[in-house]
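Structure, as structure tokens:
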2 protein chains.
Amino acid sequence: MYIILVYDIISQKRGTKLLKYLRQHLSWVQNSVFEGNVTPSGFEIIKSGINEIINKDKDSVIYYSFESMSYSKRGVIGIEKNETDSFI
Amino acid sequence: MYIILVYDIISQKRGTKLLKYLRQHLSWVQNSVFEGNVTPSGFEIIKSGINEIINKDKDSVIYYSFESMSYSKRGVIGIEKNETDSFI
């Protein structure tokens with residue numbers, strides 16, 4: 001499955017911790033945005049890790065999961081921050 | 001079509017301008033993330049507007065467009081910043 005994940009973390013300390021954690025599992029897109037292919041069980045593990053890092057009363061993590069990206073398109077206006085990324 | 005749009009704007013002035021512009025056309029999700037239903041021609045207009053605001057050598061706007069969100073799921077860990085939004 002393909003994941004697009006965005007986060008808004010109030011504390012800088014937790015934000016840095018989450019950034020480091022997500023870099024191990026997904027591809028960084030820009031700012032607080034990640035994307036990547038994961039297995040359903042792999043994503044359950046990622047969600048557990050996020051739950052342990054964030055403050056659920058203050059922070060926000062939103063994800064969009066897709067069974068297939070066949071009917072989607074990714075576009076960039078301006079520069080691509082992460083040149084190494086490929087889509088799917 | 002459904003759009004998820006994220007941006008990373010270097011200048012605060014341009015960032016504020018883009019935020020105001022996008023609020024008129026899409027739903028704010030969190031930080032520099034928007035989503036929403038638009039027509040293909042409506043999205044062409046939005047892209048033109050973005051092009052006029054950003055510095056294409058420094059700023060980055062990435063969008064994911066989907067013909068249908070039928071095979072997708074949106075989830076939240078922690079709080080939903082924009083409670084008024086609904087997903088399709």
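Letters A, B, ... go to the chains of the structure tokens in the order shown; residues in each chain start at 1; ligands are counted from 1 in the same order.
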(request) Compute the chain B side of the contact with chain A at 12 Å, counting only C-alpha atoms, and hand it back as a PyMOL selection string. (result) chain B and resi 1-10+29-35+43+46-83+87
Least-squares superposed chain A, target chain B, every Cα, as a PDB file with N, CA and C atoms, in the first residue's frame:
ATOM      1  N   MET A   1     -12.019  15.661  -9.395  1.00  0.00           N
ATOM      2  CA  MET A   1     -10.791  15.016  -8.943  1.00  0.00           C
ATOM      3  C   MET A   1     -10.453  15.480  -7.536  1.00  0.00           C
ATOM      4  N   TYR A   2      -9.732  14.603  -6.814  1.00  0.00           N
ATOM      5  CA  TYR A   2      -9.384  14.957  -5.441  1.00  0.00           C
ATOM      6  C   TYR A   2      -7.900  15.313  -5.368  1.00  0.00           C
ATOM      7  N   ILE A   3      -7.607  16.381  -4.646  1.00  0.00           N
ATOM      8  CA  ILE A   3      -6.240  16.900  -4.576  1.00  0.00           C
ATOM      9  C   ILE A   3      -5.734  16.895  -3.126  1.00  0.00           C
ATOM     10  N   ILE A   4      -4.515  16.413  -2.943  1.00  0.00           N
ATOM     11  CA  ILE A   4      -3.781  16.641  -1.701  1.00  0.00           C
ATOM     12  C   ILE A   4      -2.577  17.481  -2.090  1.00  0.00           C
ATOM     13  N   LEU A   5      -2.409  18.612  -1.445  1.00  0.00           N
ATOM     14  CA  LEU A   5      -1.352  19.557  -1.846  1.00  0.00           C
ATOM     15  C   LEU A   5      -0.540  19.975  -0.621  1.00  0.00           C
ATOM     16  N   VAL A   6       0.777  19.902  -0.752  1.00  0.00           N
ATOM     17  CA  VAL A   6       1.670  20.306   0.345  1.00  0.00           C
ATOM     18  C   VAL A   6       2.669  21.329  -0.201  1.00  0.00           C
ATOM     19  N   TYR A   7       3.021  22.308   0.625  1.00  0.00           N
ATOM     20  CA  TYR A   7       3.980  23.303   0.121  1.00  0.00           C
ATOM     21  C   TYR A   7       5.059  23.620   1.137  1.00  0.00           C
ATOM     22  N   ASP A   8       6.172  24.058   0.607  1.00  0.00           N
ATOM     23  CA  ASP A   8       7.327  24.455   1.418  1.00  0.00           C
ATOM     24  C   ASP A   8       7.843  25.761   0.804  1.00  0.00           C
ATOM     25  N   ILE A   9       7.467  26.858   1.444  1.00  0.00           N
ATOM     26  CA  ILE A   9       7.765  28.190   0.907  1.00  0.00           C
ATOM     27  C   ILE A   9       8.830  28.861   1.779  1.00  0.00           C
ATOM     28  N   ILE A  10       9.918  29.295   1.148  1.00  0.00           N
ATOM     29  CA  ILE A  10      11.043  29.851   1.890  1.00  0.00           C
ATOM     30  C   ILE A  10      10.706  31.202   2.524  1.00  0.00           C
ATOM     31  N   SER A  11      10.050  32.070   1.757  1.00  0.00           N
ATOM     32  CA  SER A  11       9.740  33.412   2.270  1.00  0.00           C
ATOM     33  C   SER A  11       8.412  33.434   3.008  1.00  0.00           C
ATOM     34  N   GLN A  12       8.422  34.040   4.190  1.00  0.00           N
ATOM     35  CA  GLN A  12       7.198  34.101   4.994  1.00  0.00           C
ATOM     36  C   GLN A  12       6.105  34.886   4.267  1.00  0.00           C
ATOM     37  N   LYS A  13       6.519  35.928   3.552  1.00  0.00           N
ATOM     38  CA  LYS A  13       5.563  36.764   2.830  1.00  0.00           C
ATOM     39  C   LYS A  13       4.830  35.958   1.754  1.00  0.00           C
ATOM     40  N   ARG A  14       5.609  35.215   0.972  1.00  0.00           N
ATOM     41  CA  ARG A  14       4.984  34.378  -0.068  1.00  0.00           C
ATOM     42  C   ARG A  14       4.159  33.254   0.568  1.00  0.00           C
ATOM     43  N   GLY A  15       4.641  32.724   1.701  1.00  0.00           N
ATOM     44  CA  GLY A  15       3.924  31.656   2.390  1.00  0.00           C
ATOM     45  C   GLY A  15       2.546  32.107   2.840  1.00  0.00           C
ATOM     46  N   THR A  16       2.483  33.300   3.411  1.00  0.00           N
ATOM     47  CA  THR A  16       1.208  33.857   3.868  1.00  0.00           C
ATOM     48  C   THR A  16       0.264  34.093   2.694  1.00  0.00           C
ATOM     49  N   LYS A  17       0.843  34.608   1.600  1.00  0.00           N
ATOM     50  CA  LYS A  17       0.051  34.881   0.402  1.00  0.00           C
ATOM     51  C   LYS A  17      -0.523  33.572  -0.174  1.00  0.00           C
ATOM     52  N   LEU A  18       0.307  32.538  -0.214  1.00  0.00           N
ATOM     53  CA  LEU A  18      -0.145  31.250  -0.755  1.00  0.00           C
ATOM     54  C   LEU A  18      -1.209  30.621   0.143  1.00  0.00           C
ATOM     55  N   LEU A  19      -1.004  30.713   1.460  1.00  0.00           N
ATOM     56  CA  LEU A  19      -1.983  30.195   2.417  1.00  0.00           C
ATOM     57  C   LEU A  19      -3.353  30.830   2.186  1.00  0.00           C
ATOM     58  N   LYS A  20      -3.369  32.149   2.068  1.00  0.00           N
ATOM     59  CA  LYS A  20      -4.633  32.868   1.837  1.00  0.00           C
ATOM     60  C   LYS A  20      -5.276  32.444   0.520  1.00  0.00           C
ATOM     61  N   TYR A  21      -4.431  32.307  -0.496  1.00  0.00           N
ATOM     62  CA  TYR A  21      -4.937  31.921  -1.822  1.00  0.00           C
ATOM     63  C   TYR A  21      -5.556  30.517  -1.800  1.00  0.00           C
ATOM     64  N   LEU A  22      -4.827  29.579  -1.195  1.00  0.00           N
ATOM     65  CA  LEU A  22      -5.304  28.187  -1.198  1.00  0.00           C
ATOM     66  C   LEU A  22      -6.561  28.002  -0.349  1.00  0.00           C
ATOM     67  N   ARG A  23      -6.676  28.816   0.712  1.00  0.00           N
ATOM     68  CA  ARG A  23      -7.879  28.752   1.558  1.00  0.00           C
ATOM     69  C   ARG A  23      -9.152  29.056   0.762  1.00  0.00           C
ATOM     70  N   GLN A  24      -8.997  29.800  -0.317  1.00  0.00           N
ATOM     71  CA  GLN A  24     -10.159  30.144  -1.146  1.00  0.00           C
ATOM     72  C   GLN A  24     -10.578  28.973  -2.047  1.00  0.00           C
ATOM     73  N   HIS A  25      -9.666  28.016  -2.235  1.00  0.00           N
ATOM     74  CA  HIS A  25      -9.943  26.982  -3.231  1.00  0.00           C
ATOM     75  C   HIS A  25      -9.964  25.557  -2.680  1.00  0.00           C
ATOM     76  N   LEU A  26      -9.236  25.329  -1.589  1.00  0.00           N
ATOM     77  CA  LEU A  26      -9.154  23.977  -1.029  1.00  0.00           C
ATOM     78  C   LEU A  26      -9.403  24.030   0.475  1.00  0.00           C
ATOM     79  N   SER A  27      -9.457  22.867   1.107  1.00  0.00           N
ATOM     80  CA  SER A  27      -9.662  22.813   2.557  1.00  0.00           C
ATOM     81  C   SER A  27      -8.324  22.664   3.266  1.00  0.00           C
ATOM     82  N   TRP A  28      -8.102  23.499   4.254  1.00  0.00           N
ATOM     83  CA  TRP A  28      -6.871  23.442   5.029  1.00  0.00           C
ATOM     84  C   TRP A  28      -6.884  22.192   5.901  1.00  0.00           C
ATOM     85  N   VAL A  29      -5.763  21.470   5.921  1.00  0.00           N
ATOM     86  CA  VAL A  29      -5.662  20.250   6.723  1.00  0.00           C
ATOM     87  C   VAL A  29      -4.838  20.516   7.982  1.00  0.00           C
ATOM     88  N   GLN A  30      -3.628  21.004   7.792  1.00  0.00           N
ATOM     89  CA  GLN A  30      -2.720  21.318   8.904  1.00  0.00           C
ATOM     90  C   GLN A  30      -1.491  21.974   8.294  1.00  0.00           C
ATOM     91  N   ASN A  31      -0.786  22.782   9.071  1.00  0.00           N
ATOM     92  CA  ASN A  31       0.448  23.403   8.577  1.00  0.00           C
ATOM     93  C   ASN A  31       0.305  23.876   7.132  1.00  0.00           C
ATOM     94  N   SER A  32       1.104  23.330   6.260  1.00  0.00           N
ATOM     95  CA  SER A  32       1.099  23.731   4.851  1.00  0.00           C
ATOM     96  C   SER A  32       0.521  22.612   3.982  1.00  0.00           C
ATOM     97  N   VAL A  33      -0.601  22.066   4.444  1.00  0.00           N
ATOM     98  CA  VAL A  33      -1.249  20.956   3.743  1.00  0.00           C
ATOM     99  C   VAL A  33      -2.714  21.296   3.466  1.00  0.00           C
ATOM    100  N   PHE A  34      -3.132  21.080   2.234  1.00  0.00           N
ATOM    101  CA  PHE A  34      -4.519  21.299   1.837  1.00  0.00           C
ATOM    102  C   PHE A  34      -5.036  20.063   1.112  1.00  0.00           C
ATOM    103  N   GLU A  35      -6.364  19.929   1.092  1.00  0.00           N
ATOM    104  CA  GLU A  35      -6.959  18.869   0.301  1.00  0.00           C
ATOM    105  C   GLU A  35      -8.313  19.349  -0.210  1.00  0.00           C
ATOM    106  N   GLY A  36      -8.849  18.668  -1.197  1.00  0.00           N
ATOM    107  CA  GLY A  36     -10.181  19.052  -1.644  1.00  0.00           C
ATOM    108  C   GLY A  36     -10.552  18.533  -3.006  1.00  0.00           C
ATOM    109  N   ASN A  37     -11.835  18.591  -3.285  1.00  0.00           N
ATOM    110  CA  ASN A  37     -12.387  18.224  -4.582  1.00  0.00           C
ATOM    111  C   ASN A  37     -12.370  19.423  -5.514  1.00  0.00           C
ATOM    112  N   VAL A  38     -11.835  19.247  -6.686  1.00  0.00           N
ATOM    113  CA  VAL A  38     -11.855  20.321  -7.694  1.00  0.00           C
ATOM    114  C   VAL A  38     -12.130  19.706  -9.062  1.00  0.00           C
ATOM    115  N   THR A  39     -12.578  20.525  -9.961  1.00  0.00           N
ATOM    116  CA  THR A  39     -12.694  20.072 -11.349  1.00  0.00           C
ATOM    117  C   THR A  39     -11.313  20.177 -11.988  1.00  0.00           C
ATOM    118  N   PRO A  40     -11.052  19.409 -13.041  1.00  0.00           N
ATOM    119  CA  PRO A  40      -9.752  19.532 -13.720  1.00  0.00           C
ATOM    120  C   PRO A  40      -9.462  20.966 -14.161  1.00  0.00           C
ATOM    121  N   SER A  41     -10.455  21.664 -14.701  1.00  0.00           N
ATOM    122  CA  SER A  41     -10.213  23.046 -15.138  1.00  0.00           C
ATOM    123  C   SER A  41     -10.004  23.958 -13.933  1.00  0.00           C
ATOM    124  N   GLY A  42     -10.730  23.684 -12.862  1.00  0.00           N
ATOM    125  CA  GLY A  42     -10.528  24.463 -11.627  1.00  0.00           C
ATOM    126  C   GLY A  42      -9.121  24.295 -11.094  1.00  0.00           C
ATOM    127  N   PHE A  43      -8.583  23.085 -11.211  1.00  0.00           N
ATOM    128  CA  PHE A  43      -7.227  22.848 -10.712  1.00  0.00           C
ATOM    129  C   PHE A  43      -6.184  23.530 -11.593  1.00  0.00           C
ATOM    130  N   GLU A  44      -6.473  23.640 -12.892  1.00  0.00           N
ATOM    131  CA  GLU A  44      -5.553  24.378 -13.776  1.00  0.00           C
ATOM    132  C   GLU A  44      -5.470  25.845 -13.340  1.00  0.00           C
ATOM    133  N   ILE A  45      -6.606  26.396 -12.950  1.00  0.00           N
ATOM    134  CA  ILE A  45      -6.645  27.791 -12.474  1.00  0.00           C
ATOM    135  C   ILE A  45      -5.854  27.916 -11.175  1.00  0.00           C
ATOM    136  N   ILE A  46      -6.037  26.962 -10.262  1.00  0.00           N
ATOM    137  CA  ILE A  46      -5.303  26.976  -8.989  1.00  0.00           C
ATOM    138  C   ILE A  46      -3.798  26.923  -9.248  1.00  0.00           C
ATOM    139  N   LYS A  47      -3.371  26.036 -10.152  1.00  0.00           N
ATOM    140  CA  LYS A  47      -1.942  25.913 -10.461  1.00  0.00           C
ATOM    141  C   LYS A  47      -1.383  27.214 -11.041  1.00  0.00           C
ATOM    142  N   SER A  48      -2.173  27.889 -11.890  1.00  0.00           N
ATOM    143  CA  SER A  48      -1.735  29.184 -12.430  1.00  0.00           C
ATOM    144  C   SER A  48      -1.552  30.192 -11.304  1.00  0.00           C
ATOM    145  N   GLY A  49      -2.493  30.196 -10.361  1.00  0.00           N
ATOM    146  CA  GLY A  49      -2.409  31.110  -9.220  1.00  0.00           C
ATOM    147  C   GLY A  49      -1.173  30.838  -8.380  1.00  0.00           C
ATOM    148  N   ILE A  50      -0.879  29.547  -8.156  1.00  0.00           N
ATOM    149  CA  ILE A  50       0.311  29.164  -7.383  1.00  0.00           C
ATOM    150  C   ILE A  50       1.569  29.642  -8.097  1.00  0.00           C
ATOM    151  N   ASN A  51       1.608  29.435  -9.409  1.00  0.00           N
ATOM    152  CA  ASN A  51       2.757  29.857 -10.222  1.00  0.00           C
ATOM    153  C   ASN A  51       3.043  31.346 -10.093  1.00  0.00           C
ATOM    154  N   GLU A  52       1.991  32.123  -9.935  1.00  0.00           N
ATOM    155  CA  GLU A  52       2.164  33.580  -9.825  1.00  0.00           C
ATOM    156  C   GLU A  52       2.669  33.993  -8.443  1.00  0.00           C
ATOM    157  N   ILE A  53       2.415  33.163  -7.449  1.00  0.00           N
ATOM    158  CA  ILE A  53       2.781  33.532  -6.073  1.00  0.00           C
ATOM    159  C   ILE A  53       4.184  33.050  -5.702  1.00  0.00           C
ATOM    160  N   ILE A  54       4.517  31.824  -6.048  1.00  0.00           N
ATOM    161  CA  ILE A  54       5.775  31.249  -5.537  1.00  0.00           C
ATOM    162  C   ILE A  54       7.004  31.664  -6.362  1.00  0.00           C
ATOM    163  N   ASN A  55       8.155  31.479  -5.749  1.00  0.00           N
ATOM    164  CA  ASN A  55       9.434  31.595  -6.451  1.00  0.00           C
ATOM    165  C   ASN A  55       9.842  30.184  -6.856  1.00  0.00           C
ATOM    166  N   LYS A  56       9.795  29.912  -8.146  1.00  0.00           N
ATOM    167  CA  LYS A  56       9.966  28.536  -8.620  1.00  0.00           C
ATOM    168  C   LYS A  56      11.391  27.995  -8.472  1.00  0.00           C
ATOM    169  N   ASP A  57      12.338  28.871  -8.150  1.00  0.00           N
ATOM    170  CA  ASP A  57      13.721  28.419  -7.924  1.00  0.00           C
ATOM    171  C   ASP A  57      13.970  28.067  -6.458  1.00  0.00           C
ATOM    172  N   LYS A  58      13.065  28.506  -5.598  1.00  0.00           N
ATOM    173  CA  LYS A  58      13.292  28.306  -4.160  1.00  0.00           C
ATOM    174  C   LYS A  58      12.178  27.523  -3.467  1.00  0.00           C
ATOM    175  N   ASP A  59      10.956  27.752  -3.890  1.00  0.00           N
ATOM    176  CA  ASP A  59       9.799  27.153  -3.213  1.00  0.00           C
ATOM    177  C   ASP A  59       9.419  25.821  -3.847  1.00  0.00           C
ATOM    178  N   SER A  60       8.661  25.046  -3.103  1.00  0.00           N
ATOM    179  CA  SER A  60       8.236  23.735  -3.581  1.00  0.00           C
ATOM    180  C   SER A  60       6.767  23.494  -3.257  1.00  0.00           C
ATOM    181  N   VAL A  61       6.004  23.156  -4.267  1.00  0.00           N
ATOM    182  CA  VAL A  61       4.603  22.764  -4.076  1.00  0.00           C
ATOM    183  C   VAL A  61       4.432  21.387  -4.714  1.00  0.00           C
ATOM    184  N   ILE A  62       4.007  20.429  -3.938  1.00  0.00           N
ATOM    185  CA  ILE A  62       3.801  19.076  -4.459  1.00  0.00           C
ATOM    186  C   ILE A  62       2.325  18.728  -4.315  1.00  0.00           C
ATOM    187  N   TYR A  63       1.758  18.188  -5.377  1.00  0.00           N
ATOM    188  CA  TYR A  63       0.354  17.787  -5.302  1.00  0.00           C
ATOM    189  C   TYR A  63       0.187  16.356  -5.791  1.00  0.00           C
ATOM    190  N   TYR A  64      -0.803  15.728  -5.219  1.00  0.00           N
ATOM    191  CA  TYR A  64      -1.205  14.388  -5.620  1.00  0.00           C
ATOM    192  C   TYR A  64      -2.654  14.521  -6.068  1.00  0.00           C
ATOM    193  N   SER A  65      -2.936  14.123  -7.292  1.00  0.00           N
ATOM    194  CA  SER A  65      -4.319  14.201  -7.771  1.00  0.00           C
ATOM    195  C   SER A  65      -4.857  12.797  -8.009  1.00  0.00           C
ATOM    196  N   PHE A  66      -6.115  12.625  -7.694  1.00  0.00           N
ATOM    197  CA  PHE A  66      -6.748  11.301  -7.772  1.00  0.00           C
ATOM    198  C   PHE A  66      -8.073  11.411  -8.513  1.00  0.00           C
ATOM    199  N   GLU A  67      -8.276  10.497  -9.430  1.00  0.00           N
ATOM    200  CA  GLU A  67      -9.568  10.466 -10.132  1.00  0.00           C
ATOM    201  C   GLU A  67     -10.663  10.066  -9.157  1.00  0.00           C
ATOM    202  N   SER A  68     -10.319   9.166  -8.259  1.00  0.00           N
ATOM    203  CA  SER A  68     -11.302   8.690  -7.286  1.00  0.00           C
ATOM    204  C   SER A  68     -10.593   8.370  -5.978  1.00  0.00           C
ATOM    205  N   MET A  69     -11.274   8.589  -4.872  1.00  0.00           N
ATOM    206  CA  MET A  69     -10.697   8.231  -3.575  1.00  0.00           C
ATOM    207  C   MET A  69     -11.326   6.941  -3.055  1.00  0.00           C
ATOM    208  N   SER A  70     -11.986   6.204  -3.954  1.00  0.00           N
ATOM    209  CA  SER A  70     -12.709   4.994  -3.544  1.00  0.00           C
ATOM    210  C   SER A  70     -11.801   3.961  -2.896  1.00  0.00           C
ATOM    211  N   TYR A  71     -10.573   3.859  -3.395  1.00  0.00           N
ATOM    212  CA  TYR A  71      -9.675   2.834  -2.868  1.00  0.00           C
ATOM    213  C   TYR A  71      -8.657   3.419  -1.901  1.00  0.00           C
ATOM    214  N   SER A  72      -9.074   4.470  -1.204  1.00  0.00           N
ATOM    215  CA  SER A  72      -8.160   5.115  -0.272  1.00  0.00           C
ATOM    216  C   SER A  72      -8.801   5.216   1.104  1.00  0.00           C
ATOM    217  N   LYS A  73      -7.958   5.495   2.090  1.00  0.00           N
ATOM    218  CA  LYS A  73      -8.444   5.650   3.450  1.00  0.00           C
ATOM    219  C   LYS A  73      -7.681   6.820   4.066  1.00  0.00           C
ATOM    220  N   ARG A  74      -8.376   7.616   4.844  1.00  0.00           N
ATOM    221  CA  ARG A  74      -7.738   8.742   5.523  1.00  0.00           C
ATOM    222  C   ARG A  74      -7.795   8.475   7.011  1.00  0.00           C
ATOM    223  N   GLY A  75      -6.686   8.584   7.699  1.00  0.00           N
ATOM    224  CA  GLY A  75      -6.675   8.324   9.124  1.00  0.00           C
ATOM    225  C   GLY A  75      -5.993   9.429   9.896  1.00  0.00           C
ATOM    226  N   VAL A  76      -6.323   9.540  11.174  1.00  0.00           N
ATOM    227  CA  VAL A  76      -5.736  10.558  12.041  1.00  0.00           C
ATOM    228  C   VAL A  76      -5.196   9.882  13.297  1.00  0.00           C
ATOM    229  N   ILE A  77      -3.962  10.221  13.665  1.00  0.00           N
ATOM    230  CA  ILE A  77      -3.413   9.819  14.962  1.00  0.00           C
ATOM    231  C   ILE A  77      -3.223  11.117  15.736  1.00  0.00           C
ATOM    232  N   GLY A  78      -3.787  11.188  16.929  1.00  0.00           N
ATOM    233  CA  GLY A  78      -3.756  12.450  17.672  1.00  0.00           C
ATOM    234  C   GLY A  78      -4.988  13.268  17.340  1.00  0.00           C
ATOM    235  N   ILE A  79      -4.825  14.577  17.234  1.00  0.00           N
ATOM    236  CA  ILE A  79      -5.993  15.434  17.010  1.00  0.00           C
ATOM    237  C   ILE A  79      -6.163  15.788  15.542  1.00  0.00           C
ATOM    238  N   GLU A  80      -7.414  16.066  15.184  1.00  0.00           N
ATOM    239  CA  GLU A  80      -7.747  16.581  13.850  1.00  0.00           C
ATOM    240  C   GLU A  80      -7.745  18.099  13.972  1.00  0.00           C
ATOM    241  N   LYS A  81      -6.870  18.743  13.223  1.00  0.00           N
ATOM    242  CA  LYS A  81      -6.749  20.216  13.349  1.00  0.00           C
ATOM    243  C   LYS A  81      -7.947  20.928  12.748  1.00  0.00           C
ATOM    244  N   ASN A  82      -8.433  20.369  11.656  1.00  0.00           N
ATOM    245  CA  ASN A  82      -9.569  20.994  10.995  1.00  0.00           C
ATOM    246  C   ASN A  82     -10.790  20.098  11.123  1.00  0.00           C
ATOM    247  N   GLU A  83     -11.549  20.308  12.206  1.00  0.00           N
ATOM    248  CA  GLU A  83     -12.688  19.438  12.527  1.00  0.00           C
ATOM    249  C   GLU A  83     -13.808  19.553  11.508  1.00  0.00           C
ATOM    250  N   THR A  84     -13.827  20.647  10.774  1.00  0.00           N
ATOM    251  CA  THR A  84     -14.952  20.881   9.865  1.00  0.00           C
ATOM    252  C   THR A  84     -14.814  20.111   8.561  1.00  0.00           C
ATOM    253  N   ASP A  85     -13.614  19.593   8.322  1.00  0.00           N
ATOM    254  CA  ASP A  85     -13.383  18.917   7.053  1.00  0.00           C
ATOM    255  C   ASP A  85     -14.034  17.553   6.998  1.00  0.00           C
ATOM    256  N   SER A  86     -14.531  17.220   5.854  1.00  0.00           N
ATOM    257  CA  SER A  86     -14.942  15.856   5.600  1.00  0.00           C
ATOM    258  C   SER A  86     -14.171  15.380   4.390  1.00  0.00           C
ATOM    259  N   PHE A  87     -14.027  14.073   4.290  1.00  0.00           N
ATOM    260  CA  PHE A  87     -13.217  13.504   3.219  1.00  0.00           C
ATOM    261  C   PHE A  87     -14.110  13.084   2.085  1.00  0.00           C
ATOM    262  N   ILE A  88     -13.968  13.699   0.957  1.00  0.00           N
ATOM    263  CA  ILE A  88     -14.802  13.528  -0.248  1.00  0.00           C
ATOM    264  C   ILE A  88     -16.189  14.103  -0.038  1.00  0.00           C
TER     265      ILE A  88
END
(request) Mind the document's chain letters and residue numbers, and return as a PyMOL selection string the residues of chain A that DSSP labels strand (DSSP E or B). (result) chain A and resi 2-8+27-30+33-37+60-66+72-78
File of the preceding selection, C-alpha atoms, as a compact mmCIF listing (two decimals), in the first residue's frame:
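Generated output (part.txt):
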# COMPACT_ATOMS: atom_id res chain seq x y z
CA TYR A 2 1.08 3.56 -0.61
CA ILE A 3 1.11 6.10 2.21
CA ILE A 4 1.16 9.89 2.25
CA LEU A 5 1.67 11.12 5.80
CA VAL A 6 1.70 14.68 7.16
CA TYR A 7 2.29 15.76 10.74
CA ASP A 8 1.93 18.82 12.92
CA SER A 27 10.62 8.77 2.15
CA TRP A 28 10.85 12.40 3.19
CA VAL A 29 9.03 14.73 0.78
CA GLN A 30 9.31 18.20 2.34
CA VAL A 33 5.52 15.29 4.80
CA PHE A 34 6.48 11.69 4.03
CA GLU A 35 5.39 9.15 1.47
CA GLY A 36 6.21 5.57 0.62
CA ASN A 37 5.28 1.99 -0.08
CA SER A 60 -1.71 15.70 14.75
CA VAL A 61 -0.65 13.04 12.26
CA ILE A 62 -2.82 12.54 9.19
CA TYR A 63 -2.25 9.77 6.69
CA TYR A 64 -3.79 8.80 3.40
CA SER A 65 -3.39 5.16 2.41
CA PHE A 66 -3.97 3.82 -1.08
CA SER A 72 -3.21 9.08 -9.34
CA LYS A 73 -0.71 11.67 -10.50
CA ARG A 74 2.03 13.43 -8.57
CA GLY A 75 3.11 16.88 -9.68
CA VAL A 76 5.62 19.50 -8.59
CA ILE A 77 5.46 23.28 -9.01
CA GLY A 78 8.80 24.88 -8.23
(request) Run DSSP on the backbone and give me the residues of region 24-85 of chain A it puts in alpha helix (DSSP H), as an MDAnalysis selection string. (result) chainID A and resid 40:53
Output N, CA and C atoms of each residue in that selection to a file, as a PDB file, in the first residue's frame.
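Result saved to part-v5.pdb:
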ATOM      1  N   PRO A  40       0.800  -3.631   4.727  1.00  0.00           N
ATOM      2  CA  PRO A  40      -0.184  -3.308   5.772  1.00  0.00           C
ATOM      3  C   PRO A  40       0.355  -3.572   7.177  1.00  0.00           C
ATOM      4  N   SER A  41       1.055  -4.684   7.376  1.00  0.00           N
ATOM      5  CA  SER A  41       1.589  -4.971   8.715  1.00  0.00           C
ATOM      6  C   SER A  41       2.714  -4.002   9.060  1.00  0.00           C
ATOM      7  N   GLY A  42       3.502  -3.643   8.060  1.00  0.00           N
ATOM      8  CA  GLY A  42       4.561  -2.644   8.290  1.00  0.00           C
ATOM      9  C   GLY A  42       3.979  -1.312   8.715  1.00  0.00           C
ATOM     10  N   PHE A  43       2.840  -0.950   8.134  1.00  0.00           N
ATOM     11  CA  PHE A  43       2.223   0.329   8.493  1.00  0.00           C
ATOM     12  C   PHE A  43       1.632   0.285   9.899  1.00  0.00           C
ATOM     13  N   GLU A  44       1.164  -0.893  10.317  1.00  0.00           N
ATOM     14  CA  GLU A  44       0.674  -1.024  11.702  1.00  0.00           C
ATOM     15  C   GLU A  44       1.816  -0.763  12.690  1.00  0.00           C
ATOM     16  N   ILE A  45       2.996  -1.253  12.351  1.00  0.00           N
ATOM     17  CA  ILE A  45       4.178  -1.035  13.203  1.00  0.00           C
ATOM     18  C   ILE A  45       4.530   0.450  13.230  1.00  0.00           C
ATOM     19  N   ILE A  46       4.498   1.099  12.067  1.00  0.00           N
ATOM     20  CA  ILE A  46       4.793   2.536  11.989  1.00  0.00           C
ATOM     21  C   ILE A  46       3.809   3.324  12.853  1.00  0.00           C
ATOM     22  N   LYS A  47       2.518   2.993  12.754  1.00  0.00           N
ATOM     23  CA  LYS A  47       1.503   3.699  13.543  1.00  0.00           C
ATOM     24  C   LYS A  47       1.736   3.517  15.044  1.00  0.00           C
ATOM     25  N   SER A  48       2.146   2.305  15.451  1.00  0.00           N
ATOM     26  CA  SER A  48       2.462   2.074  16.868  1.00  0.00           C
ATOM     27  C   SER A  48       3.622   2.960  17.302  1.00  0.00           C
ATOM     28  N   GLY A  49       4.637   3.059  16.445  1.00  0.00           N
ATOM     29  CA  GLY A  49       5.798   3.899  16.749  1.00  0.00           C
ATOM     30  C   GLY A  49       5.405   5.360  16.888  1.00  0.00           C
ATOM     31  N   ILE A  50       4.527   5.828  15.986  1.00  0.00           N
ATOM     32  CA  ILE A  50       4.052   7.218  16.042  1.00  0.00           C
ATOM     33  C   ILE A  50       3.302   7.457  17.346  1.00  0.00           C
ATOM     34  N   ASN A  51       2.443   6.509  17.707  1.00  0.00           N
ATOM     35  CA  ASN A  51       1.663   6.607  18.948  1.00  0.00           C
ATOM     36  C   ASN A  51       2.546   6.767  20.177  1.00  0.00           C
ATOM     37  N   GLU A  52       3.703   6.137  20.141  1.00  0.00           N
ATOM     38  CA  GLU A  52       4.616   6.210  21.292  1.00  0.00           C
ATOM     39  C   GLU A  52       5.353   7.548  21.352  1.00  0.00           C
ATOM     40  N   ILE A  53       5.482   8.202  20.214  1.00  0.00           N
ATOM     41  CA  ILE A  53       6.262   9.449  20.169  1.00  0.00           C
ATOM     42  C   ILE A  53       5.392  10.682  20.417  1.00  0.00           C
TER      43      ILE A  53
END
